[in-house]
file upload.cif (mmCIF, C-alpha atoms)
data_data
loop_
_atom_site.label_atom_id
_atom_site.label_comp_id
_atom_site.auth_asym_id
_atom_site.auth_seq_id
_atom_site.Cartn_x
_atom_site.Cartn_y
_atom_site.Cartn_z
CA MET A 1 -22.34 -5.40 37.54
CA VAL A 2 -21.70 -9.05 36.67
CA THR A 3 -22.13 -10.01 40.33
CA GLU A 4 -25.49 -8.26 40.51
CA ILE A 5 -26.70 -9.87 37.26
CA VAL A 6 -25.83 -13.32 38.63
CA GLY A 7 -27.44 -12.45 41.95
CA GLY A 8 -30.57 -11.12 40.24
CA LEU A 9 -30.99 -14.30 38.22
CA LEU A 10 -30.39 -16.57 41.22
CA SER A 11 -32.72 -14.64 43.53
CA ASP A 12 -35.24 -13.71 40.79
CA SER A 13 -34.94 -10.07 41.84
CA LEU A 14 -35.87 -7.51 39.18
CA ALA A 15 -34.58 -4.73 41.45
CA LEU A 16 -31.12 -6.32 41.49
CA ILE A 17 -31.15 -6.80 37.71
CA ALA A 18 -32.33 -3.19 37.33
CA ASP A 19 -29.41 -1.97 39.43
CA ALA A 20 -27.05 -4.13 37.33
CA ALA A 21 -28.51 -2.74 34.09
CA HIS A 22 -27.97 0.77 35.40
CA MET A 23 -24.39 -0.18 36.26
CA ALA A 24 -23.94 -1.44 32.68
CA THR A 25 -24.95 1.97 31.32
CA ASP A 26 -22.52 3.56 33.80
CA ALA A 27 -19.67 1.38 32.58
CA LEU A 28 -20.46 2.36 28.99
CA GLY A 29 -20.90 5.99 30.00
CA LEU A 30 -17.55 6.08 31.81
CA GLY A 31 -15.91 4.51 28.77
CA MET A 32 -17.38 7.23 26.54
CA ALA A 33 -16.29 9.88 29.06
CA LEU A 34 -12.68 8.63 29.00
CA LEU A 35 -12.68 8.49 25.21
CA ALA A 36 -14.11 12.01 25.01
CA ILE A 37 -11.45 13.37 27.39
CA HIS A 38 -8.77 11.73 25.25
CA PHE A 39 -10.06 13.46 22.11
CA ALA A 40 -10.67 16.75 23.93
CA ASN A 41 -6.99 16.89 24.88
CA ARG A 42 -5.83 16.63 21.26
CA PRO A 43 -4.35 19.89 19.92
CA ALA A 44 -6.31 22.26 17.71
CA GLY A 45 -5.61 22.38 13.98
CA PRO A 46 -6.27 24.68 11.03
CA ASN A 47 -9.64 23.04 10.30
CA ARG A 48 -10.65 22.45 13.94
CA THR A 49 -9.65 25.67 15.62
CA PHE A 50 -10.99 24.55 19.00
CA GLY A 51 -9.74 21.00 18.53
CA PHE A 52 -12.11 18.32 19.83
CA ALA A 53 -13.15 20.23 22.95
CA ARG A 54 -16.84 19.56 22.26
CA ALA A 55 -16.24 15.79 22.43
CA GLU A 56 -16.91 15.94 26.19
CA ILE A 57 -20.29 17.59 25.62
CA LEU A 58 -21.25 15.05 22.94
CA ALA A 59 -20.35 12.22 25.34
CA ALA A 60 -22.52 13.80 28.04
CA LEU A 61 -25.41 13.99 25.53
CA ALA A 62 -24.96 10.32 24.59
CA ASN A 63 -24.99 9.40 28.30
CA CYS A 64 -28.25 11.29 28.78
CA LEU A 65 -29.99 9.49 25.92
CA LEU A 66 -28.70 6.13 27.17
CA LEU A 67 -29.91 6.79 30.72
CA LEU A 68 -33.38 7.88 29.56
CA GLY A 69 -33.69 4.66 27.57
CA VAL A 70 -32.64 2.50 30.53
CA GLY A 71 -34.96 4.39 32.89
CA GLY A 72 -37.93 3.86 30.57
CA TYR A 73 -37.14 0.15 30.20
CA LEU A 74 -36.90 -0.38 33.98
CA VAL A 75 -40.23 1.34 34.57
CA PHE A 76 -41.85 -0.88 31.91
CA GLU A 77 -40.41 -4.09 33.43
CA ALA A 78 -41.48 -3.07 36.94
CA VAL A 79 -45.07 -2.61 35.77
CA GLU A 80 -44.88 -6.07 34.15
CA ARG A 81 -43.85 -7.54 37.52
CA PHE A 82 -46.96 -6.10 39.14
CA VAL A 83 -49.05 -7.93 36.53
CA THR A 84 -47.04 -11.17 36.79
CA PRO A 85 -45.51 -11.40 40.30
CA ALA A 86 -42.29 -13.37 40.91
CA ASP A 87 -40.96 -15.24 43.93
CA THR A 88 -37.94 -13.15 44.95
CA ARG A 89 -35.44 -14.61 47.48
CA GLY A 90 -34.61 -11.69 49.75
CA GLY A 91 -31.55 -13.20 51.46
CA LEU A 92 -29.61 -13.75 48.23
CA ALA A 93 -30.61 -10.31 46.95
CA ILE A 94 -29.21 -8.66 50.09
CA VAL A 95 -25.81 -10.34 49.71
CA PHE A 96 -25.36 -9.31 46.06
CA ALA A 97 -26.76 -5.80 46.59
CA ALA A 98 -24.19 -5.25 49.35
CA VAL A 99 -21.38 -6.06 46.90
CA GLY A 100 -22.79 -3.48 44.45
CA LEU A 101 -23.07 -0.88 47.20
CA VAL A 102 -19.39 -1.19 48.15
CA ALA A 103 -18.29 -0.88 44.51
CA ASN A 104 -20.43 2.23 44.00
CA VAL A 105 -19.13 3.97 47.13
CA VAL A 106 -15.55 3.47 45.90
CA SER A 107 -16.47 4.89 42.47
CA LEU A 108 -18.17 7.92 44.05
CA SER A 109 -15.04 8.79 46.03
CA LEU A 110 -12.96 8.71 42.84
CA LEU A 111 -15.33 10.97 40.87
CA MET A 112 -16.14 13.47 43.65
CA ARG A 113 -13.56 16.13 42.78
CA GLY A 114 -13.80 16.04 38.97
CA GLN A 115 -17.60 16.38 38.85
CA GLN A 116 -17.33 20.02 39.95
CA GLU A 117 -15.21 20.94 36.91
CA SER A 118 -16.65 18.98 33.97
CA LEU A 119 -20.17 18.26 32.68
CA ASN A 120 -18.80 15.04 31.29
CA VAL A 121 -17.47 13.83 34.66
CA ARG A 122 -20.57 15.19 36.42
CA GLY A 123 -22.69 12.95 34.22
CA ALA A 124 -20.58 9.95 35.24
CA TYR A 125 -20.74 11.00 38.92
CA LEU A 126 -24.53 11.33 38.84
CA GLU A 127 -24.85 7.91 37.22
CA VAL A 128 -22.79 6.27 39.98
CA LEU A 129 -24.68 8.24 42.65
CA ALA A 130 -27.96 6.88 41.31
CA ASP A 131 -26.41 3.39 41.31
CA THR A 132 -25.52 3.81 44.97
CA LEU A 133 -29.08 4.81 45.79
CA GLY A 134 -30.25 1.88 43.69
CA SER A 135 -28.15 -0.56 45.71
CA VAL A 136 -29.59 0.89 48.94
CA THR A 137 -33.11 0.54 47.50
CA VAL A 138 -32.46 -3.13 46.64
CA LEU A 139 -31.17 -3.78 50.17
CA VAL A 140 -34.30 -2.23 51.69
CA SER A 141 -36.69 -4.11 49.39
CA ALA A 142 -34.90 -7.43 49.97
CA GLY A 143 -35.05 -6.82 53.72
CA ILE A 144 -38.80 -6.18 53.51
CA ILE A 145 -39.29 -9.41 51.54
CA MET A 146 -37.28 -11.38 54.11
CA ALA A 147 -39.15 -9.85 57.04
CA THR A 148 -42.71 -9.84 55.70
CA GLY A 149 -42.79 -11.93 52.51
CA TRP A 150 -44.31 -8.96 50.61
CA GLN A 151 -43.13 -9.68 47.06
CA ALA A 152 -44.41 -6.37 45.67
CA ALA A 153 -41.42 -4.67 47.35
CA ASP A 154 -39.14 -5.89 44.54
CA PRO A 155 -40.98 -4.31 41.56
CA ILE A 156 -41.58 -1.17 43.63
CA ALA A 157 -37.82 -0.92 44.20
CA SER A 158 -37.25 -1.46 40.45
CA LEU A 159 -39.74 1.30 39.69
CA LEU A 160 -37.97 3.67 42.08
CA ILE A 161 -34.58 2.91 40.47
CA GLY A 162 -36.04 3.65 37.03
CA LEU A 163 -37.72 6.85 38.18
CA MET A 164 -34.68 8.21 40.04
CA ILE A 165 -32.74 8.16 36.78
CA VAL A 166 -35.05 10.54 34.94
CA PRO A 167 -34.99 13.91 36.85
CA ARG A 168 -31.18 14.20 37.12
CA THR A 169 -30.78 13.03 33.53
CA VAL A 170 -33.21 15.70 32.31
CA LYS A 171 -31.26 18.35 34.27
CA LEU A 172 -27.94 17.22 32.75
CA LEU A 173 -29.57 17.04 29.31
CA ARG A 174 -30.77 20.64 29.66
CA GLU A 175 -27.27 21.84 30.59
CA THR A 176 -25.74 19.86 27.70
CA LEU A 177 -28.21 21.23 25.17
CA ASP A 178 -27.55 24.77 26.43
CA VAL A 179 -23.88 24.29 25.50
CA LEU A 180 -24.69 22.77 22.09
CA LEU A 181 -27.23 25.53 21.34
CA GLU A 182 -24.61 28.12 22.39
CA ALA A 183 -26.68 29.65 25.16
CA ALA A 184 -24.98 32.19 27.44
CA PRO A 185 -22.64 30.50 29.96
CA LYS A 186 -24.28 29.53 33.22
CA GLY A 187 -24.03 32.35 35.74
CA VAL A 188 -23.23 35.04 33.15
CA ASP A 189 -25.87 37.80 33.02
CA MET A 190 -25.57 39.32 29.54
CA ALA A 191 -27.34 42.53 30.57
CA GLU A 192 -24.82 42.96 33.37
CA VAL A 193 -21.94 42.24 30.97
CA ARG A 194 -23.23 44.93 28.62
CA ALA A 195 -23.59 47.41 31.49
CA HIS A 196 -20.02 46.80 32.68
CA LEU A 197 -18.57 47.23 29.18
CA MET A 198 -20.63 50.35 28.54
CA ALA A 199 -19.31 51.88 31.77
CA LEU A 200 -15.73 51.91 30.46
CA PRO A 201 -14.41 55.35 29.39
CA GLY A 202 -14.79 56.04 25.68
CA VAL A 203 -17.33 53.26 24.99
CA LEU A 204 -20.42 54.58 23.19
CA ASP A 205 -22.28 51.37 22.39
CA ILE A 206 -22.05 47.58 22.31
CA HIS A 207 -23.62 45.47 19.57
CA ASP A 208 -23.33 41.90 18.28
CA LEU A 209 -22.63 40.81 21.86
CA HIS A 210 -22.43 37.00 22.01
CA ALA A 211 -21.32 34.61 24.75
CA TRP A 212 -21.31 30.82 24.65
CA THR A 213 -19.46 27.79 26.00
CA ILE A 214 -17.17 25.59 23.93
CA THR A 215 -16.95 22.92 26.64
CA SER A 216 -16.92 22.79 30.45
CA GLY A 217 -14.71 25.57 31.82
CA MET A 218 -14.24 27.29 28.44
CA PRO A 219 -16.67 30.24 28.12
CA VAL A 220 -16.02 32.64 25.23
CA LEU A 221 -17.37 36.05 24.24
CA SER A 222 -17.29 38.35 21.24
CA ALA A 223 -18.58 41.90 20.79
CA HIS A 224 -18.42 44.95 18.54
CA VAL A 225 -17.49 47.96 20.64
CA VAL A 226 -18.34 51.45 19.37
CA VAL A 227 -15.87 54.03 20.76
CA HIS A 228 -15.14 57.74 20.61
CA GLN A 229 -12.54 58.24 17.88
CA GLU A 230 -10.89 60.96 19.95
CA MET A 231 -10.66 58.69 22.96
CA LEU A 232 -9.26 55.89 20.81
CA ASP A 233 -6.62 58.25 19.39
CA SER A 234 -5.62 59.41 22.86
CA ILE A 235 -5.38 56.11 24.75
CA GLY A 236 -4.78 53.72 21.82
CA HIS A 237 -6.27 50.38 20.84
CA GLU A 238 -4.06 48.34 23.14
CA LYS A 239 -5.06 50.10 26.37
CA LEU A 240 -8.78 49.95 25.56
CA LEU A 241 -8.58 46.25 24.67
CA HIS A 242 -6.73 45.60 27.92
CA GLU A 243 -9.49 47.36 29.88
CA LEU A 244 -12.24 45.45 28.05
CA GLN A 245 -10.58 42.09 28.65
CA GLY A 246 -9.79 42.96 32.25
CA CYS A 247 -13.43 43.88 32.86
CA LEU A 248 -14.63 40.46 31.70
CA GLY A 249 -11.85 38.52 33.40
CA ASP A 250 -12.29 40.25 36.76
CA HIS A 251 -16.08 40.35 36.96
CA PHE A 252 -17.35 37.42 34.89
CA ASP A 253 -14.50 34.88 34.65
CA VAL A 254 -14.53 35.03 30.84
CA GLU A 255 -10.94 35.16 29.64
CA HIS A 256 -11.34 34.05 25.99
CA CYS A 257 -12.90 37.10 24.34
CA THR A 258 -12.74 38.86 20.98
CA PHE A 259 -13.53 42.56 20.48
CA GLN A 260 -13.93 44.59 17.33
CA LEU A 261 -13.31 48.27 18.01
CA GLU A 262 -15.13 50.57 15.61
CA PRO A 263 -16.02 54.26 15.27
CA SER A 264 -19.58 55.52 15.50
CA GLY A 265 -21.63 54.79 12.33
CA HIS A 266 -19.49 51.85 11.23
CA ALA A 267 -22.26 49.33 12.03
CA GLU A 268 -24.42 50.81 9.26
CA HIS A 269 -21.89 49.61 6.68
CA GLU A 270 -21.58 46.04 7.96
CA ALA A 271 -23.16 43.12 6.08
CA ARG A 272 -26.45 41.90 7.53
CA LEU A 273 -24.91 38.50 8.30
CA CYS A 274 -22.56 40.14 10.79
CA HIS A 275 -25.41 41.19 13.09
#

call {"tool": "encode", "arguments": {"input": "upload.cif", "output": "structure tokens"}}
result
Amino acid sequence: MVTEIVGGLLSDSLALIADAAHMATDALGLGMALLAIHFANRPAGPNRTFGFARAEILAALANCLLLLGVGGYLVFEAVERFVTPADTRGGLAIVFAAVGLVANVVSLSLLMRGQQESLNVRGAYLEVLADTLGSVTVLVSAGIIMATGWQAADPIASLLIGLMIVPRTVKLLRETLDVLLEAAPKGVDMAEVRAHLMALPGVLDIHDLHAWTITSGMPVLSAHVVVHQEMLDSIGHEKLLHELQGCLGDHFDVEHCTFQLEPSGHAEHEARLCH
């Protein structure tokens, strides 16, 4: 990042400075990700029954907002360069962009595995991936300037770096907000979940069925299950609960679940806030 800032100032390349600014947000984002993982690993307590598991999601949200701000700023500066062109030195820009490219490739290899398991790490991975593409874009624009002298290549590259940030950030932001708004876990069809539970012997109805995600890899579910009293008397609570939990664990990869078993008509006596 520091190398690219120095190179951008020496070569008067906005594209190089844009890539460095994006790297700066990555460094801050990675720092927040590490801090969030530290807090997420702290044990739960009586007042925080899930501990600080949501810290990872909050860090991902902060990264999204930071990236959107940087993307908007880069687009604005690129438009300014079209109005007031600069004399960019392509040779210097190529040298410093190559240093940034090597650093980004190393970072990508370190984050590759973890990005499949955590929204937090995925956010960091996507940031570094965009940085890598940014470094390639700077190399191409600097090469064009060296070969043809077309100075507009530099602000165009800056504009591309700014614009490539936005779509992936919006996608990550949507996934993060789904977790915070307690939407159903990704890939879990609630209608299918209901159908599977209803197909179990003795189950008459399912109501107050809720599923959400605490943090990456921690989907949870709760439901009120109406059962035949005779069936419950014959097989017992423990066997039915085992079948309900097994159904979710086997078919939907939801292991953390809470069921309330109740006889027919019990729902009519529950407080409205329970529904």

call {"tool": "atom_distance", "arguments": {"input": "upload.cif", "atom1": "CA of Phe96 in chain A", "atom2": "CA of Ala21 in chain A"}}
result
14.0 Å

call {"tool": "atom_distance", "arguments": {"input": "upload.cif", "atom1": "CA of Asp189 in chain A", "atom2": "CA of Pro167 in chain A"}}
result
25.9 Å

call {"tool": "resolve_selection", "arguments": {"input": "upload.cif", "expression": "the PyMOL selection byres ((chain A and resi 212) around 9)", "output": "JSON, numbers by chain"}}
result
{"A": [178, 179, 181, 182, 183, 184, 185, 210, 211, 213, 214, 218, 219, 220, 221]}

call {"tool": "closest_residue", "arguments": {"input": "upload.cif", "among": "A:Arg81, A:Lys186, A:Arg174, A:His38", "to": "Ala60 in chain A", "atoms": "all atoms listed in the file"}}
result
A:Arg174

call {"tool": "closest_residue", "arguments": {"input": "upload.cif", "among": "A:Val128, A:Ala153, A:Arg42, A:Ala15", "to": "Ala103 in chain A", "atoms": "all atoms listed in the file"}}
result
A:Val128

call {"tool": "atom_distance", "arguments": {"input": "upload.cif", "atom1": "CA of Gly7 in chain A", "atom2": "CA of Ala93 in chain A"}}
result
6.3 Å

call {"tool": "closest_residue", "arguments": {"input": "upload.cif", "among": "A:Arg89, A:Ser222, A:Tyr125, A:Asp154", "to": "Val106 in chain A", "atoms": "only C-alpha atoms"}}
result
A:Tyr125

call {"tool": "closest_residue", "arguments": {"input": "upload.cif", "among": "A:Met164, A:Ala142, A:Leu35, A:Ile94", "to": "Val75 in chain A", "atoms": "all atoms listed in the file"}}
result
A:Met164

call {"tool": "resolve_selection", "arguments": {"input": "upload.cif", "expression": "the PyMOL selection byres ((chain A and resi 70) around 10)", "output": "list in words"}}
result
Ala18, Ala21, His22, Ala24, Thr25, Cys64, Leu65, Leu66, Leu67, Leu68, Gly69, Gly71, Gly72, Tyr73, Leu74, Val75, Phe76, Gly162, Ile165 and Val166 of chain A

call {"tool": "residues_around", "arguments": {"input": "upload.cif", "residues": "Leu241 in chain A", "least_positions_apart": "3", "cutoff": "10 Å", "atoms": "all atoms listed in the file", "output": "PyMOL selection string"}}
result
chain A and resi 225+236-238+244-247+258-261

call {"tool": "write_last_selection", "arguments": {"input": "upload.cif", "atoms": "C-alpha atoms", "output": "tab-separated table (two decimals), in the coordinates of the input"}}
result
chain	number	residue	atom	x	y	z
A	225	VAL	CA	-17.49	47.96	20.64
A	236	GLY	CA	-4.78	53.72	21.82
A	237	HIS	CA	-6.27	50.38	20.84
A	238	GLU	CA	-4.06	48.34	23.14
A	244	LEU	CA	-12.24	45.45	28.05
A	245	GLN	CA	-10.58	42.09	28.65
A	246	GLY	CA	-9.79	42.96	32.25
A	247	CYS	CA	-13.43	43.88	32.86
A	258	THR	CA	-12.74	38.86	20.98
A	259	PHE	CA	-13.53	42.56	20.48
A	260	GLN	CA	-13.93	44.59	17.33
A	261	LEU	CA	-13.31	48.27	18.01

call {"tool": "closest_residue", "arguments": {"input": "upload.cif", "among": "A:Ile5, A:Leu248, A:Ile161, A:Leu139", "to": "Val188 in chain A", "atoms": "all atoms listed in the file"}}
result
A:Leu248

call {"tool": "residues_around", "arguments": {"input": "upload.cif", "residues": "His207 in chain A", "least_positions_apart": "2", "cutoff": "7 Å", "atoms": "only C-alpha atoms", "output": "ChimeraX atom specification"}}
result
/A:205,209,223-225

call {"tool": "closest_residue", "arguments": {"input": "upload.cif", "among": "A:Leu133, A:Ala27, A:Ala20, A:Leu177", "to": "Leu61 in chain A", "atoms": "all atoms listed in the file"}}
result
A:Leu177

call {"tool": "build_atoms", "arguments": {"input": "upload.cif", "residues": "range 242-267 of chain A", "atoms": "N, CA, C and O atoms", "output": "PDB file, in the coordinates of the input"}}
result
ATOM      1  N   HIS A 242      -7.136  46.109  26.613  1.00  0.00           N
ATOM      2  CA  HIS A 242      -6.730  45.600  27.920  1.00  0.00           C
ATOM      3  C   HIS A 242      -7.819  45.854  28.958  1.00  0.00           C
ATOM      4  O   HIS A 242      -8.114  44.985  29.794  1.00  0.00           O
ATOM      5  N   GLU A 243      -8.430  47.043  28.924  1.00  0.00           N
ATOM      6  CA  GLU A 243      -9.490  47.360  29.880  1.00  0.00           C
ATOM      7  C   GLU A 243     -10.733  46.507  29.645  1.00  0.00           C
ATOM      8  O   GLU A 243     -11.382  46.056  30.595  1.00  0.00           O
ATOM      9  N   LEU A 244     -11.075  46.284  28.369  1.00  0.00           N
ATOM     10  CA  LEU A 244     -12.240  45.450  28.050  1.00  0.00           C
ATOM     11  C   LEU A 244     -12.028  44.011  28.533  1.00  0.00           C
ATOM     12  O   LEU A 244     -12.914  43.412  29.158  1.00  0.00           O
ATOM     13  N   GLN A 245     -10.866  43.463  28.243  1.00  0.00           N
ATOM     14  CA  GLN A 245     -10.580  42.090  28.650  1.00  0.00           C
ATOM     15  C   GLN A 245     -10.475  41.971  30.171  1.00  0.00           C
ATOM     16  O   GLN A 245     -10.919  40.985  30.755  1.00  0.00           O
ATOM     17  N   GLY A 246      -9.894  42.963  30.794  1.00  0.00           N
ATOM     18  CA  GLY A 246      -9.790  42.960  32.250  1.00  0.00           C
ATOM     19  C   GLY A 246     -11.154  43.009  32.913  1.00  0.00           C
ATOM     20  O   GLY A 246     -11.385  42.348  33.935  1.00  0.00           O
ATOM     21  N   CYS A 247     -12.072  43.776  32.325  1.00  0.00           N
ATOM     22  CA  CYS A 247     -13.430  43.880  32.860  1.00  0.00           C
ATOM     23  C   CYS A 247     -14.104  42.509  32.886  1.00  0.00           C
ATOM     24  O   CYS A 247     -14.696  42.094  33.886  1.00  0.00           O
ATOM     25  N   LEU A 248     -13.999  41.779  31.782  1.00  0.00           N
ATOM     26  CA  LEU A 248     -14.630  40.460  31.700  1.00  0.00           C
ATOM     27  C   LEU A 248     -13.937  39.445  32.596  1.00  0.00           C
ATOM     28  O   LEU A 248     -14.581  38.639  33.266  1.00  0.00           O
ATOM     29  N   GLY A 249     -12.598  39.478  32.595  1.00  0.00           N
ATOM     30  CA  GLY A 249     -11.850  38.520  33.400  1.00  0.00           C
ATOM     31  C   GLY A 249     -12.058  38.710  34.887  1.00  0.00           C
ATOM     32  O   GLY A 249     -12.162  37.741  35.644  1.00  0.00           O
ATOM     33  N   ASP A 250     -12.162  39.957  35.330  1.00  0.00           N
ATOM     34  CA  ASP A 250     -12.290  40.250  36.760  1.00  0.00           C
ATOM     35  C   ASP A 250     -13.698  40.013  37.285  1.00  0.00           C
ATOM     36  O   ASP A 250     -13.882  39.525  38.399  1.00  0.00           O
ATOM     37  N   HIS A 251     -14.704  40.381  36.469  1.00  0.00           N
ATOM     38  CA  HIS A 251     -16.080  40.350  36.960  1.00  0.00           C
ATOM     39  C   HIS A 251     -16.872  39.112  36.536  1.00  0.00           C
ATOM     40  O   HIS A 251     -17.821  38.718  37.208  1.00  0.00           O
ATOM     41  N   PHE A 252     -16.508  38.501  35.424  1.00  0.00           N
ATOM     42  CA  PHE A 252     -17.350  37.420  34.890  1.00  0.00           C
ATOM     43  C   PHE A 252     -16.582  36.137  34.583  1.00  0.00           C
ATOM     44  O   PHE A 252     -17.155  35.186  34.083  1.00  0.00           O
ATOM     45  N   ASP A 253     -15.304  36.078  34.871  1.00  0.00           N
ATOM     46  CA  ASP A 253     -14.500  34.880  34.650  1.00  0.00           C
ATOM     47  C   ASP A 253     -14.591  34.395  33.200  1.00  0.00           C
ATOM     48  O   ASP A 253     -14.738  33.208  32.924  1.00  0.00           O
ATOM     49  N   VAL A 254     -14.561  35.354  32.262  1.00  0.00           N
ATOM     50  CA  VAL A 254     -14.530  35.030  30.840  1.00  0.00           C
ATOM     51  C   VAL A 254     -13.224  35.585  30.280  1.00  0.00           C
ATOM     52  O   VAL A 254     -13.085  36.789  30.082  1.00  0.00           O
ATOM     53  N   GLU A 255     -12.264  34.709  30.062  1.00  0.00           N
ATOM     54  CA  GLU A 255     -10.940  35.160  29.640  1.00  0.00           C
ATOM     55  C   GLU A 255     -10.762  35.104  28.122  1.00  0.00           C
ATOM     56  O   GLU A 255      -9.978  35.863  27.564  1.00  0.00           O
ATOM     57  N   HIS A 256     -11.479  34.195  27.451  1.00  0.00           N
ATOM     58  CA  HIS A 256     -11.340  34.050  25.990  1.00  0.00           C
ATOM     59  C   HIS A 256     -12.374  34.958  25.326  1.00  0.00           C
ATOM     60  O   HIS A 256     -13.543  34.606  25.209  1.00  0.00           O
ATOM     61  N   CYS A 257     -11.953  36.141  24.917  1.00  0.00           N
ATOM     62  CA  CYS A 257     -12.900  37.100  24.340  1.00  0.00           C
ATOM     63  C   CYS A 257     -12.283  37.793  23.125  1.00  0.00           C
ATOM     64  O   CYS A 257     -11.063  37.955  23.024  1.00  0.00           O
ATOM     65  N   THR A 258     -13.159  38.189  22.204  1.00  0.00           N
ATOM     66  CA  THR A 258     -12.740  38.860  20.980  1.00  0.00           C
ATOM     67  C   THR A 258     -13.546  40.143  20.828  1.00  0.00           C
ATOM     68  O   THR A 258     -14.784  40.108  20.889  1.00  0.00           O
ATOM     69  N   PHE A 259     -12.858  41.269  20.634  1.00  0.00           N
ATOM     70  CA  PHE A 259     -13.530  42.560  20.480  1.00  0.00           C
ATOM     71  C   PHE A 259     -13.174  43.180  19.139  1.00  0.00           C
ATOM     72  O   PHE A 259     -12.019  43.115  18.696  1.00  0.00           O
ATOM     73  N   GLN A 260     -14.172  43.761  18.519  1.00  0.00           N
ATOM     74  CA  GLN A 260     -13.930  44.590  17.330  1.00  0.00           C
ATOM     75  C   GLN A 260     -14.196  46.034  17.725  1.00  0.00           C
ATOM     76  O   GLN A 260     -15.331  46.397  18.059  1.00  0.00           O
ATOM     77  N   LEU A 261     -13.161  46.855  17.692  1.00  0.00           N
ATOM     78  CA  LEU A 261     -13.310  48.270  18.010  1.00  0.00           C
ATOM     79  C   LEU A 261     -13.662  49.021  16.732  1.00  0.00           C
ATOM     80  O   LEU A 261     -13.018  48.836  15.692  1.00  0.00           O
ATOM     81  N   GLU A 262     -14.693  49.859  16.819  1.00  0.00           N
ATOM     82  CA  GLU A 262     -15.130  50.570  15.610  1.00  0.00           C
ATOM     83  C   GLU A 262     -15.655  51.949  15.957  1.00  0.00           C
ATOM     84  O   GLU A 262     -16.181  52.170  17.049  1.00  0.00           O
ATOM     85  N   PRO A 263     -15.510  52.907  15.031  1.00  0.00           N
ATOM     86  CA  PRO A 263     -16.020  54.260  15.270  1.00  0.00           C
ATOM     87  C   PRO A 263     -17.536  54.305  15.112  1.00  0.00           C
ATOM     88  O   PRO A 263     -18.148  53.394  14.546  1.00  0.00           O
ATOM     89  N   SER A 264     -18.139  55.353  15.603  1.00  0.00           N
ATOM     90  CA  SER A 264     -19.580  55.520  15.500  1.00  0.00           C
ATOM     91  C   SER A 264     -20.013  55.537  14.029  1.00  0.00           C
ATOM     92  O   SER A 264     -19.367  56.155  13.179  1.00  0.00           O
ATOM     93  N   GLY A 265     -21.113  54.847  13.704  1.00  0.00           N
ATOM     94  CA  GLY A 265     -21.630  54.790  12.330  1.00  0.00           C
ATOM     95  C   GLY A 265     -21.098  53.641  11.517  1.00  0.00           C
ATOM     96  O   GLY A 265     -21.629  53.344  10.445  1.00  0.00           O
ATOM     97  N   HIS A 266     -20.064  52.955  12.001  1.00  0.00           N
ATOM     98  CA  HIS A 266     -19.490  51.850  11.230  1.00  0.00           C
ATOM     99  C   HIS A 266     -20.469  50.694  11.065  1.00  0.00           C
ATOM    100  O   HIS A 266     -20.481  50.022  10.033  1.00  0.00           O
ATOM    101  N   ALA A 267     -21.324  50.458  12.072  1.00  0.00           N
ATOM    102  CA  ALA A 267     -22.260  49.330  12.030  1.00  0.00           C
ATOM    103  C   ALA A 267     -23.205  49.419  10.840  1.00  0.00           C
ATOM    104  O   ALA A 267     -23.670  48.398  10.327  1.00  0.00           O
TER     105      ALA A 267
END
